[in-house]
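Next comes model_9.txt, with compact mmCIF, C-alpha atoms.
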```
# COMPACT_ATOMS: atom_id res chain seq x y z
CA ALA A 1 15.82 -6.78 -33.97
CA LEU A 2 13.91 -6.55 -37.27
CA SER A 3 17.16 -6.23 -39.19
CA GLY A 4 18.31 -9.39 -37.45
CA LEU A 5 15.26 -11.16 -38.86
CA GLY A 6 16.38 -10.20 -42.37
CA ALA A 7 14.04 -7.25 -42.89
CA GLU A 8 15.01 -3.87 -44.33
CA VAL A 9 13.66 -1.12 -42.09
CA LEU A 10 12.62 2.37 -43.17
CA VAL A 11 11.72 5.02 -40.58
CA GLU A 12 10.00 8.35 -41.15
CA SER A 13 12.37 11.22 -40.39
CA ARG A 14 11.98 12.63 -36.86
CA ALA A 15 9.24 10.08 -36.07
CA GLY A 16 10.76 9.32 -32.67
CA GLU A 17 12.11 12.75 -31.79
CA ALA A 18 9.33 13.80 -29.40
CA ALA A 19 9.73 10.51 -27.53
CA GLY A 20 13.49 10.91 -27.16
CA PHE A 21 14.62 8.73 -30.09
CA LEU A 22 16.73 10.53 -32.71
CA ASP A 23 17.16 9.58 -36.37
CA THR A 24 20.84 8.81 -35.76
CA GLU A 25 19.89 6.12 -33.22
CA TYR A 26 17.69 4.35 -35.77
CA GLU A 27 20.48 4.54 -38.35
CA THR A 28 23.00 3.13 -35.87
CA ARG A 29 20.73 0.10 -35.46
CA GLY A 30 20.47 -0.57 -39.19
CA ALA A 31 17.43 1.44 -40.30
CA LYS A 32 17.26 3.89 -43.19
CA ILE A 33 15.60 7.27 -42.77
CA ALA A 34 12.93 8.45 -45.21
CA ALA A 35 12.15 12.14 -45.51
CA THR A 36 8.36 11.87 -45.08
CA ALA A 37 5.62 9.39 -44.20
CA PRO A 38 4.51 9.12 -47.89
CA ASP A 39 8.08 8.11 -48.76
CA VAL A 40 7.85 5.29 -46.19
CA VAL A 41 4.51 4.13 -47.62
CA ALA A 42 5.75 4.21 -51.22
CA ALA A 43 8.83 2.09 -50.45
CA SER A 44 7.40 -0.38 -47.92
CA GLN A 45 5.53 -3.67 -47.98
CA VAL A 46 4.69 -3.87 -44.26
CA ILE A 47 3.80 -0.64 -42.48
CA LEU A 48 3.78 -0.41 -38.67
CA LEU A 49 1.69 2.37 -37.17
CA VAL A 50 0.28 3.47 -33.83
CA ARG A 51 -3.16 4.41 -35.13
CA ILE A 52 -4.30 3.37 -38.59
CA ASN A 53 -6.57 5.72 -40.50
CA PHE A 54 -7.80 5.61 -44.07
CA SER A 55 -5.32 6.92 -46.64
CA PRO A 56 -5.52 6.77 -50.44
CA ALA A 57 -1.76 6.04 -50.41
CA PHE A 58 -2.39 2.46 -49.21
CA ASP A 59 -3.02 -0.26 -51.78
CA SER A 60 -2.87 -4.02 -52.31
CA ARG A 61 0.94 -4.03 -51.89
CA HIS A 62 0.59 -3.06 -48.25
CA THR A 63 0.15 -4.92 -44.99
CA LEU A 64 -0.77 -2.58 -42.13
CA VAL A 65 -0.24 -3.45 -38.47
CA GLY A 66 -1.47 -1.18 -35.67
CA PHE A 67 -4.49 0.04 -33.70
CA CYS A 68 -7.54 0.65 -35.93
CA ASP A 69 -10.54 0.35 -33.56
CA PRO A 70 -12.22 -2.32 -35.73
CA LEU A 71 -15.07 -2.92 -33.27
CA GLY A 72 -15.77 0.76 -32.50
CA ASP A 73 -15.20 2.17 -36.01
CA PRO A 74 -15.45 -0.72 -38.48
CA GLN A 75 -15.86 1.62 -41.46
CA ILE A 76 -12.09 2.28 -41.49
CA SER A 77 -11.42 -1.44 -41.79
CA GLN A 78 -13.96 -1.76 -44.60
CA GLU A 79 -12.51 1.18 -46.54
CA LEU A 80 -9.00 -0.24 -46.24
CA ALA A 81 -10.26 -3.67 -47.28
CA HIS A 82 -11.74 -2.14 -50.44
CA GLN A 83 -8.25 -0.86 -51.27
CA GLY A 84 -6.91 -4.40 -51.14
CA VAL A 85 -4.89 -3.81 -47.96
CA ARG A 86 -4.04 -6.68 -45.63
CA LEU A 87 -4.87 -5.36 -42.15
CA PHE A 88 -3.83 -6.68 -38.74
CA SER A 89 -5.42 -5.07 -35.67
CA MET A 90 -3.44 -4.87 -32.43
CA GLU A 91 -6.74 -4.56 -30.52
CA LEU A 92 -7.66 -8.09 -31.57
CA VAL A 93 -4.50 -9.88 -30.44
CA PRO A 94 -5.91 -12.70 -28.28
CA ARG A 95 -5.32 -12.64 -24.53
CA THR A 96 -3.64 -16.01 -24.37
CA THR A 97 -0.39 -17.07 -22.74
CA ARG A 98 1.40 -17.45 -26.08
CA ALA A 99 0.28 -14.00 -27.26
CA GLN A 100 1.10 -12.22 -23.99
CA SER A 101 4.22 -10.51 -25.37
CA MET A 102 2.16 -9.16 -28.30
CA ASP A 103 -0.69 -7.74 -26.21
CA ALA A 104 -0.38 -4.03 -26.91
CA LEU A 105 -3.72 -3.21 -25.26
CA SER A 106 -2.36 -4.46 -21.95
CA SER A 107 0.93 -2.61 -22.45
CA MET A 108 -0.81 0.70 -23.04
CA ALA A 109 -3.37 0.08 -20.28
CA SER A 110 -0.59 -0.40 -17.72
CA ILE A 111 0.83 3.01 -18.66
CA ALA A 112 -2.61 4.64 -18.47
CA GLY A 113 -3.29 3.13 -15.03
CA TYR A 114 0.01 4.40 -13.67
CA LYS A 115 -0.41 7.89 -15.13
CA SER A 116 -4.01 8.19 -13.89
CA VAL A 117 -2.82 8.05 -10.28
CA LEU A 118 -0.20 10.74 -10.90
CA LEU A 119 -2.88 12.96 -12.42
CA ALA A 120 -5.10 12.39 -9.39
CA ALA A 121 -2.28 13.04 -6.91
CA ASN A 122 -1.40 16.26 -8.72
CA ALA A 123 -5.01 17.49 -8.74
CA LEU A 124 -5.90 16.47 -5.17
CA PRO A 125 -5.42 19.32 -2.66
CA ARG A 126 -4.09 16.93 -0.03
CA LEU A 127 -1.25 14.42 0.39
CA PHE A 128 -1.57 10.76 -0.56
CA PRO A 129 0.50 9.14 2.25
CA MET A 130 0.03 9.28 5.98
CA MET A 131 2.65 11.55 7.56
CA THR A 132 3.59 12.01 11.18
CA THR A 133 5.02 15.49 11.58
CA ALA A 134 5.73 18.03 14.32
CA ALA A 135 2.49 19.68 13.25
CA GLY A 136 0.52 16.50 13.82
CA THR A 137 -0.44 13.38 11.90
CA ILE A 138 -1.83 13.66 8.38
CA THR A 139 -4.26 10.90 7.44
CA PRO A 140 -3.77 9.14 4.10
CA ALA A 141 -5.93 9.80 1.05
CA ARG A 142 -8.66 7.28 0.22
CA VAL A 143 -8.65 6.03 -3.36
CA PHE A 144 -11.35 3.90 -4.98
CA VAL A 145 -10.53 2.17 -8.31
CA ILE A 146 -13.42 0.91 -10.44
CA GLY A 147 -12.42 -1.83 -12.87
CA ALA A 148 -9.59 -4.25 -12.15
CA GLY A 149 -8.27 -4.95 -15.61
CA VAL A 150 -4.66 -4.12 -16.42
CA ALA A 151 -5.19 -0.35 -16.04
CA GLY A 152 -7.12 -0.71 -12.79
CA LEU A 153 -4.62 -3.07 -11.19
CA GLN A 154 -1.74 -0.79 -12.16
CA ALA A 155 -3.65 2.17 -10.68
CA ILE A 156 -4.19 0.24 -7.44
CA ALA A 157 -0.51 -0.69 -7.21
CA THR A 158 0.62 2.88 -7.93
CA ALA A 159 -1.79 4.46 -5.43
CA ARG A 160 -0.60 1.97 -2.81
CA ARG A 161 3.04 2.87 -3.52
CA LEU A 162 2.15 6.53 -2.96
CA GLY A 163 0.74 5.63 0.46
CA ALA A 164 -3.01 5.90 -0.12
CA VAL A 165 -5.65 3.67 1.45
CA VAL A 166 -6.99 1.90 -1.63
CA SER A 167 -10.14 -0.06 -2.37
CA GLY A 168 -11.16 -1.61 -5.67
CA TYR A 169 -14.16 -3.06 -7.43
CA ASP A 170 -14.84 -5.04 -10.59
CA VAL A 171 -17.94 -6.75 -11.91
CA ARG A 172 -15.85 -9.92 -12.32
CA GLU A 173 -15.69 -11.63 -8.93
CA ALA A 174 -12.68 -13.61 -10.20
CA VAL A 175 -10.38 -10.58 -9.88
CA ARG A 176 -11.07 -10.12 -6.15
CA GLU A 177 -7.91 -12.05 -5.27
CA GLN A 178 -5.82 -9.86 -7.58
CA ILE A 179 -7.13 -6.67 -5.96
CA GLU A 180 -6.45 -7.98 -2.47
CA SER A 181 -2.98 -9.26 -3.43
CA LEU A 182 -1.98 -5.65 -4.11
CA GLY A 183 -2.96 -4.60 -0.61
CA ALA A 184 -6.30 -3.03 -1.53
CA LYS A 185 -9.72 -3.79 -0.09
CA PHE A 186 -12.22 -5.42 -2.44
CA VAL A 187 -15.63 -3.69 -2.35
CA PRO A 188 -18.38 -6.34 -2.67
CA ILE A 189 -21.31 -5.28 -4.83
CA THR A 190 -24.08 -7.80 -5.63
CA LEU A 191 -25.23 -7.76 -9.26
CA GLY A 192 -27.05 -11.04 -9.82
CA ALA A 193 -25.74 -11.20 -13.42
CA ARG A 194 -22.81 -12.85 -15.16
CA ALA A 195 -20.14 -10.23 -15.89
CA GLU A 196 -17.28 -12.23 -17.41
CA GLY A 197 -16.98 -11.49 -21.13
CA GLN A 198 -14.99 -12.90 -24.05
CA GLY A 199 -11.20 -12.90 -23.78
CA GLY A 200 -11.15 -12.01 -20.09
CA TYR A 201 -12.82 -8.64 -20.59
CA ALA A 202 -15.88 -7.50 -18.67
CA ALA A 203 -19.18 -8.20 -20.38
CA ALA A 204 -21.72 -5.48 -21.15
CA LEU A 205 -24.40 -5.30 -18.43
CA ASP A 206 -28.06 -4.49 -18.91
CA GLU A 207 -29.49 -1.22 -17.60
CA ASP A 208 -31.18 -2.79 -14.57
CA THR A 209 -27.91 -4.40 -13.44
CA ILE A 210 -26.02 -1.13 -13.94
CA ARG A 211 -28.67 0.66 -11.84
CA LYS A 212 -28.12 -1.82 -8.96
CA GLN A 213 -24.39 -1.31 -9.34
CA ARG A 214 -24.72 2.49 -9.09
CA GLU A 215 -26.97 2.31 -6.01
CA GLN A 216 -24.49 0.18 -4.05
CA MET A 217 -21.49 2.14 -5.29
CA ALA A 218 -23.00 5.47 -4.20
CA ALA A 219 -22.57 4.49 -0.54
CA VAL A 220 -18.83 4.00 -1.14
CA PHE A 221 -18.31 7.29 -2.98
CA LYS A 222 -19.04 9.73 -0.18
CA ASP A 223 -16.00 8.52 1.78
CA GLN A 224 -13.49 8.73 -1.11
CA ASP A 225 -10.96 11.45 -1.94
CA VAL A 226 -10.12 9.99 -5.35
CA VAL A 227 -12.09 7.76 -7.71
CA ILE A 228 -10.33 6.26 -10.75
CA THR A 229 -12.64 4.56 -13.21
CA THR A 230 -11.48 2.22 -15.98
CA ALA A 231 -14.62 0.28 -16.96
CA ALA A 232 -14.85 -0.43 -20.68
CA VAL A 233 -16.23 -3.11 -22.99
CA PRO A 234 -14.46 -3.55 -26.38
CA GLY A 235 -16.32 -1.88 -29.22
CA LYS A 236 -19.06 -0.50 -26.96
CA LYS A 237 -19.80 2.87 -25.41
CA ALA A 238 -18.39 2.99 -21.88
CA PRO A 239 -21.00 2.09 -19.23
CA LEU A 240 -22.30 5.06 -17.25
CA LEU A 241 -21.47 4.18 -13.63
CA ILE A 242 -21.15 7.55 -11.89
CA THR A 243 -24.18 9.80 -11.90
CA ARG A 244 -24.26 13.51 -11.18
CA GLU A 245 -25.78 12.79 -7.77
CA MET A 246 -22.92 10.44 -6.87
CA VAL A 247 -20.41 13.16 -7.74
CA TYR A 248 -22.27 15.70 -5.61
CA ALA A 249 -22.07 13.30 -2.64
CA MET A 250 -18.26 13.57 -2.67
CA ALA A 251 -16.46 16.18 -0.57
CA PRO A 252 -15.29 19.40 -2.26
CA GLY A 253 -11.71 18.98 -3.46
CA SER A 254 -12.24 15.32 -4.40
CA VAL A 255 -10.99 14.06 -7.77
CA ILE A 256 -12.39 11.64 -10.37
CA VAL A 257 -10.11 10.39 -13.15
CA ASP A 258 -12.19 8.80 -15.92
CA LEU A 259 -9.98 6.55 -18.06
CA ALA A 260 -13.00 5.62 -20.19
CA ALA A 261 -13.33 9.22 -21.42
CA GLU A 262 -12.48 8.32 -25.03
CA ARG A 263 -15.43 5.89 -25.07
CA GLY A 264 -17.88 8.43 -23.68
CA GLY A 265 -16.83 8.13 -20.05
CA ASN A 266 -17.99 6.22 -16.97
CA CYS A 267 -19.04 9.49 -15.30
CA GLU A 268 -22.04 11.53 -16.38
CA LEU A 269 -20.04 14.79 -16.11
CA THR A 270 -16.93 13.66 -18.03
CA ARG A 271 -15.81 15.63 -21.06
CA PRO A 272 -13.07 13.90 -23.11
CA GLY A 273 -9.79 15.80 -22.99
CA GLU A 274 -11.05 18.29 -20.39
CA THR A 275 -11.19 18.84 -16.64
CA VAL A 276 -14.65 19.67 -15.33
CA ILE A 277 -15.20 21.18 -11.87
CA ASP A 278 -18.71 20.73 -10.46
CA HIS A 279 -19.70 21.21 -6.80
CA GLY A 280 -16.00 21.44 -5.99
CA VAL A 281 -15.21 17.99 -7.46
CA GLN A 282 -12.69 17.77 -10.31
CA ILE A 283 -13.57 15.30 -13.07
CA LEU A 284 -10.59 14.59 -15.34
CA GLY A 285 -11.25 13.06 -18.77
CA PRO A 286 -7.77 12.28 -20.11
CA VAL A 287 -7.36 10.83 -23.61
CA ASN A 288 -4.43 8.88 -25.05
CA LEU A 289 -2.47 8.77 -21.79
CA PRO A 290 0.33 6.55 -23.20
CA SER A 291 1.34 9.48 -25.43
CA GLU A 292 2.23 11.43 -22.27
CA LEU A 293 4.90 8.84 -21.44
CA PRO A 294 6.12 8.26 -25.00
CA TYR A 295 9.58 6.88 -24.24
CA HIS A 296 8.46 3.71 -22.49
CA ALA A 297 5.16 3.53 -24.40
CA SER A 298 7.22 3.36 -27.60
CA GLN A 299 9.54 0.70 -26.20
CA MET A 300 6.65 -1.48 -25.05
CA TYR A 301 4.63 -1.08 -28.25
CA ALA A 302 7.70 -1.80 -30.38
CA ARG A 303 8.25 -5.06 -28.50
CA ASN A 304 4.60 -6.04 -29.02
CA LEU A 305 4.92 -5.37 -32.78
CA LEU A 306 8.21 -7.24 -33.00
CA GLU A 307 6.85 -10.38 -31.35
CA LEU A 308 3.83 -10.36 -33.70
CA LEU A 309 6.07 -9.87 -36.75
CA LYS A 310 8.15 -12.87 -35.75
CA LEU A 311 5.14 -14.97 -36.76
CA MET A 312 5.16 -13.36 -40.23
CA LEU A 313 8.85 -13.02 -41.15
CA ILE A 314 10.48 -16.24 -42.35
CA LYS A 315 14.19 -15.80 -43.21
CA GLY A 316 13.63 -12.20 -44.25
CA GLU A 317 10.56 -12.98 -46.35
CA PHE A 318 7.10 -11.82 -45.36
CA LYS A 319 5.00 -14.99 -45.14
CA PRO A 320 2.22 -14.75 -42.53
CA ASP A 321 1.22 -18.19 -41.30
CA THR A 322 -2.48 -18.32 -42.14
CA GLU A 323 -2.91 -21.30 -39.82
CA ASP A 324 -1.53 -19.54 -36.74
CA SER A 325 -4.34 -18.88 -34.27
CA ILE A 326 -2.87 -15.56 -33.13
CA LEU A 327 -2.68 -14.18 -36.67
CA THR A 328 -6.14 -15.42 -37.63
CA GLU A 329 -7.58 -13.71 -34.51
CA CYS A 330 -6.14 -10.29 -35.40
CA LEU A 331 -6.37 -10.43 -39.21
CA VAL A 332 -9.17 -8.01 -40.13
CA ALA A 333 -8.93 -7.69 -43.91
CA GLN A 334 -7.22 -9.22 -46.92
CA GLY A 335 -7.96 -9.92 -50.57
CA GLY A 336 -10.29 -6.94 -50.87
CA ALA A 337 -12.65 -7.95 -48.06
CA VAL A 338 -13.11 -7.86 -44.30
CA VAL A 339 -12.44 -11.45 -43.21
CA HIS A 340 -12.77 -11.29 -39.42
CA PRO A 341 -16.16 -12.75 -38.33
CA ARG A 342 -16.70 -10.30 -35.44
CA ILE A 343 -16.00 -7.28 -37.65
CA GLN A 344 -18.25 -8.67 -40.38
CA GLN A 345 -21.05 -8.93 -37.80
CA VAL A 346 -20.46 -5.38 -36.56
CA LEU A 347 -20.58 -4.07 -40.14
CA LYS A 348 -23.87 -5.90 -40.72
CA GLU A 349 -25.33 -4.22 -37.63
CA VAL A 350 -24.06 -0.81 -38.78
CA HIS A 351 -25.65 -1.20 -42.22
CA ALA A 352 -28.87 -2.78 -40.96
```

Could I get this structure in the form of C-alpha cells?
Amino acid sequence: ALSGLGAEVLVESRAGEAAGFLDTEYETRGAKIAATAPDVVAASQVILLVRINFSPAFDSRHTLVGFCDPLGDPQISQELAHQGVRLFSMELVPRTTRAQSMDALSSMASIAGYKSVLLAANALPRLFPMMTTAAGTITPARVFVIGAGVAGLQAIATARRLGAVVSGYDVREAVREQIESLGAKFVPITLGARAEGQGGYAAALDEDTIRKQREQMAAVFKDQDVVITTAAVPGKKAPLLITREMVYAMAPGSVIVDLAAERGGNCELTRPGETVIDHGVQILGPVNLPSELPYHASQMYARNLLELLKLMLIKGEFKPDTEDSILTECLVAQGGAVVHPRIQQVLKEVHA
C-alpha cells in the first residue's frame, strides 16, 4: 500500500519473522530488505516503529511515528526534540470519527481485552460455560469486568462468547448501554463525581471518590470467579481499585487479570509481568498483551500507520499537512522543540 502511494519502503531483516511474516513476503510486495535496524535508520526519512526510544542515530532528517508514551514519559520526547527529530505519537491520535482507522490505542486494546479472557479461562480451575452432562449440570463462571473502554468491552464480549455470566462497570454512566448491549449486566455504583474525561477516556477521580467506589465494589467481588480490570487514565498511574481485603473476600481459585499492570495496576497485589497467588486467588499482571498475538496485532497496527501516513504522503513526497487537525493533535516535536501543548505542560510539571 505504501509503494502504491509512491514511497520506497525499507524493512529491517527478519523484523516480521516472529509474527509469521517472512522477508520474502515483504520483497514480493515491493519492499527492500536492510540487514540491520541501523541500516534502516541511515537510509530512511520516515521511520515507523512500535515503541520509540531515544537513540543517538536519529537526527533532524528523521520523522518518527509510533508509540512513545509522551504523557507518561515526556523526557523521551524532549530528548528526541533536542535532536531535531519530527515526532508523531500514536497515543495522541484523536478519538474522532475521521481518525478512527488510525486509532492504534483502540486496536491494541481490543486485542488485550480478548486475550485477558483467555488468560483468565486458562487459569480458572473451573469451566466458563454452563454444561448439562450425565454427571449433572455445571453452573457457568461469573465474570466481572471493570472499565468499559475498548479493552473492557472486548473482554465482556469474549467472556460472553465463552458462556460466562458477565457483569460490567465503568465510572462513565454513558457506557451502560454498551455493556448491556453485549448481554452483560451493568453494576450501578454511585460516585457523586463527574467521570468523563477528555477524548472519551475516563477522568482521574479524587481519593474520596475512589474510596466510595471500592466500598460498593467490594460487595460485588465476593460472588465473582473472575475479575478483569482495565481502568486507566492517559499519562497517570492506574487508579488503585482493588484492595488486599477485596481480594481476600473472593473464593479460593478465583482469578484477577489486571490489564493496568504496566501503569502500576488496579489491584494492590499486582506485580507487572508476574502471577501472584494470595489466599488462593491468582492475580495476573500481564504486560504488552498485543505482542502475544503478533500476527493480527501487526496487521491492525500497520493499517493504523498507513491511514495516518496517507495524510502526509502527497504523490510520493513527504509533506505533512500542518493544518490537518489529526496531525496537529499527534505531532509532539519538530524544529528542535516539543510543540504539543499537553506535553509542554507535563514537562513543566516534571521540572517544577

When you look at Leu124 in chain A with a cut-off of 7 Å (counting only C-alpha atoms), what residues show up, excluding the ones that are within fewer than 5 positions of it in the same chain? I need them as a list in words.
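Residues near the query, excluding close chain neighbours: Gly253, Ser254 and Val255 of chain A.
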
Select, from A:Ala112, A:Leu327, A:Ala123, A:Leu49, the residue with the minimum atom-to-atom distance to Ala260 in chain A, counting only C-alpha atoms.
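Result for the nearest residue to Ala260 in chain A: A:Ala112.
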
Can you list, as a short mmCIF file (atom, residue, chain, number, x, y, z; two decimals) with C-alpha atoms, in the coordinates of the input, every protein, DNA or RNA residue that comes within 9 Å of Ala57 in chain A when you count all atoms listed in the file, leaving out same-chain residues fewer than 5 positions away?
```
data_model
loop_
_atom_site.label_atom_id
_atom_site.label_comp_id
_atom_site.auth_asym_id
_atom_site.auth_seq_id
_atom_site.Cartn_x
_atom_site.Cartn_y
_atom_site.Cartn_z
CA PRO A 38 4.51 9.12 -47.89
CA VAL A 41 4.51 4.13 -47.62
CA ALA A 42 5.75 4.21 -51.22
#
```

Find the residues near Arg176 in chain A: any atom within 9 Å, counting all atoms listed in the file, skip ones fewer than 5 places away on the same chain, and give them as a JSON list (two decimals) with C-alpha atoms, in the coordinates of the input.
```
[["chain", "number", "residue", "atom", "x", "y", "z"],
["A", 148, "ALA", "CA", -9.59, -4.25, -12.15],
["A", 168, "GLY", "CA", -11.16, -1.61, -5.67],
["A", 169, "TYR", "CA", -14.16, -3.06, -7.43],
["A", 170, "ASP", "CA", -14.84, -5.04, -10.59],
["A", 181, "SER", "CA", -2.98, -9.26, -3.43],
["A", 185, "LYS", "CA", -9.72, -3.79, -0.09],
["A", 186, "PHE", "CA", -12.22, -5.42, -2.44],
["A", 187, "VAL", "CA", -15.63, -3.69, -2.35],
["A", 188, "PRO", "CA", -18.38, -6.34, -2.67]]
```

Between A:Tyr295, A:Phe318, A:Phe88, A:Phe58, which one has atoms that come closest to Ala18 in chain A, using only C-alpha atoms?
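Of all the options, A:Tyr295 lies closest to Ala18 in chain A.
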
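From CA of Ala238 in chain A back to CA of Gly152 in chain A, the distance works out to 14.9 Å.
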
Distance of CA of Ala81 in chain A from CA of Phe67 in chain A, expressed in Å to one decimal place
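So the two atoms, CA of Phe67 in chain A and CA of Ala81 in chain A, lie 15.2 Å apart.
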
Report, in Å with one decimal, the straight-line distance from CA of Ile277 in chain A to CA of Tyr248 in chain A.
10.9 Å

Polymer residues at most 8 Å from Leu305 in chain A, only C-alpha atoms, same-chain spacing of 2 or more positions, as a PyMOL selection string:
chain A and resi 48+65+102+301-303+307-309

Export C-alpha atoms of the chosen residues as a PDB file, keeping the file's coordinate frame?
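Final output, selection-v8.pdb:
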```pdb
ATOM      1  CA  LEU A  48       3.780  -0.410 -38.670  1.00  0.00           C
ATOM      2  CA  VAL A  65      -0.240  -3.450 -38.470  1.00  0.00           C
ATOM      3  CA  MET A 102       2.160  -9.160 -28.300  1.00  0.00           C
ATOM      4  CA  TYR A 301       4.630  -1.080 -28.250  1.00  0.00           C
ATOM      5  CA  ALA A 302       7.700  -1.800 -30.380  1.00  0.00           C
ATOM      6  CA  ARG A 303       8.250  -5.060 -28.500  1.00  0.00           C
ATOM      7  CA  GLU A 307       6.850 -10.380 -31.350  1.00  0.00           C
ATOM      8  CA  LEU A 308       3.830 -10.360 -33.700  1.00  0.00           C
ATOM      9  CA  LEU A 309       6.070  -9.870 -36.750  1.00  0.00           C
TER      10      LEU A 309
END
```

Distance criterion (all atoms listed in the file): nearest to Leu127 in chain A out of A:Ala174, A:Val93, A:Ala141, A:Ala31:
A:Ala141

Got a sec: who's within 12 Å of Pro56 in chain A, counting all atoms listed in the file, leaving out chain neighbours fewer than 3 positions off, as a PDB file with C-alpha atoms, in the coordinates of the input?
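This went into out_5.pdb:
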```pdb
ATOM      1  CA  PRO A  38       4.510   9.120 -47.890  1.00  0.00           C
ATOM      2  CA  VAL A  41       4.510   4.130 -47.620  1.00  0.00           C
ATOM      3  CA  ALA A  42       5.750   4.210 -51.220  1.00  0.00           C
ATOM      4  CA  ASN A  53      -6.570   5.720 -40.500  1.00  0.00           C
ATOM      5  CA  ASP A  59      -3.020  -0.260 -51.780  1.00  0.00           C
ATOM      6  CA  SER A  60      -2.870  -4.020 -52.310  1.00  0.00           C
ATOM      7  CA  HIS A  62       0.590  -3.060 -48.250  1.00  0.00           C
ATOM      8  CA  ILE A  76     -12.090   2.280 -41.490  1.00  0.00           C
ATOM      9  CA  GLU A  79     -12.510   1.180 -46.540  1.00  0.00           C
ATOM     10  CA  LEU A  80      -9.000  -0.240 -46.240  1.00  0.00           C
ATOM     11  CA  ALA A  81     -10.260  -3.670 -47.280  1.00  0.00           C
ATOM     12  CA  HIS A  82     -11.740  -2.140 -50.440  1.00  0.00           C
ATOM     13  CA  GLN A  83      -8.250  -0.860 -51.270  1.00  0.00           C
ATOM     14  CA  GLY A  84      -6.910  -4.400 -51.140  1.00  0.00           C
ATOM     15  CA  VAL A  85      -4.890  -3.810 -47.960  1.00  0.00           C
TER      16      VAL A  85
END
```

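Comparing A:Pro290, A:Gly147, A:Pro129, A:Gly66 by their smallest distance to Val227 in chain A, the closest is A:Gly147 (using only C-alpha atoms).
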
For a cut-off of 10 Å around (12.8, 11.7, -46.4), file coordinates, pick out all residues using all atoms listed in the file and list them as a PDB file with C-alpha atoms, in the frame of the given file.
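Written file, selection39.pdb:
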```pdb
ATOM      1  CA  LEU A  10      12.620   2.370 -43.170  1.00  0.00           C
ATOM      2  CA  VAL A  11      11.720   5.020 -40.580  1.00  0.00           C
ATOM      3  CA  GLU A  12      10.000   8.350 -41.150  1.00  0.00           C
ATOM      4  CA  SER A  13      12.370  11.220 -40.390  1.00  0.00           C
ATOM      5  CA  ARG A  14      11.980  12.630 -36.860  1.00  0.00           C
ATOM      6  CA  LYS A  32      17.260   3.890 -43.190  1.00  0.00           C
ATOM      7  CA  ILE A  33      15.600   7.270 -42.770  1.00  0.00           C
ATOM      8  CA  ALA A  34      12.930   8.450 -45.210  1.00  0.00           C
ATOM      9  CA  ALA A  35      12.150  12.140 -45.510  1.00  0.00           C
ATOM     10  CA  THR A  36       8.360  11.870 -45.080  1.00  0.00           C
ATOM     11  CA  ALA A  37       5.620   9.390 -44.200  1.00  0.00           C
ATOM     12  CA  PRO A  38       4.510   9.120 -47.890  1.00  0.00           C
ATOM     13  CA  ASP A  39       8.080   8.110 -48.760  1.00  0.00           C
ATOM     14  CA  VAL A  40       7.850   5.290 -46.190  1.00  0.00           C
TER      15      VAL A  40
END
```

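Comparing A:Gly6, A:Pro341, A:Gly335, A:Pro125 by their smallest distance to Ala251 in chain A, the closest is A:Pro125 (using all atoms listed in the file).
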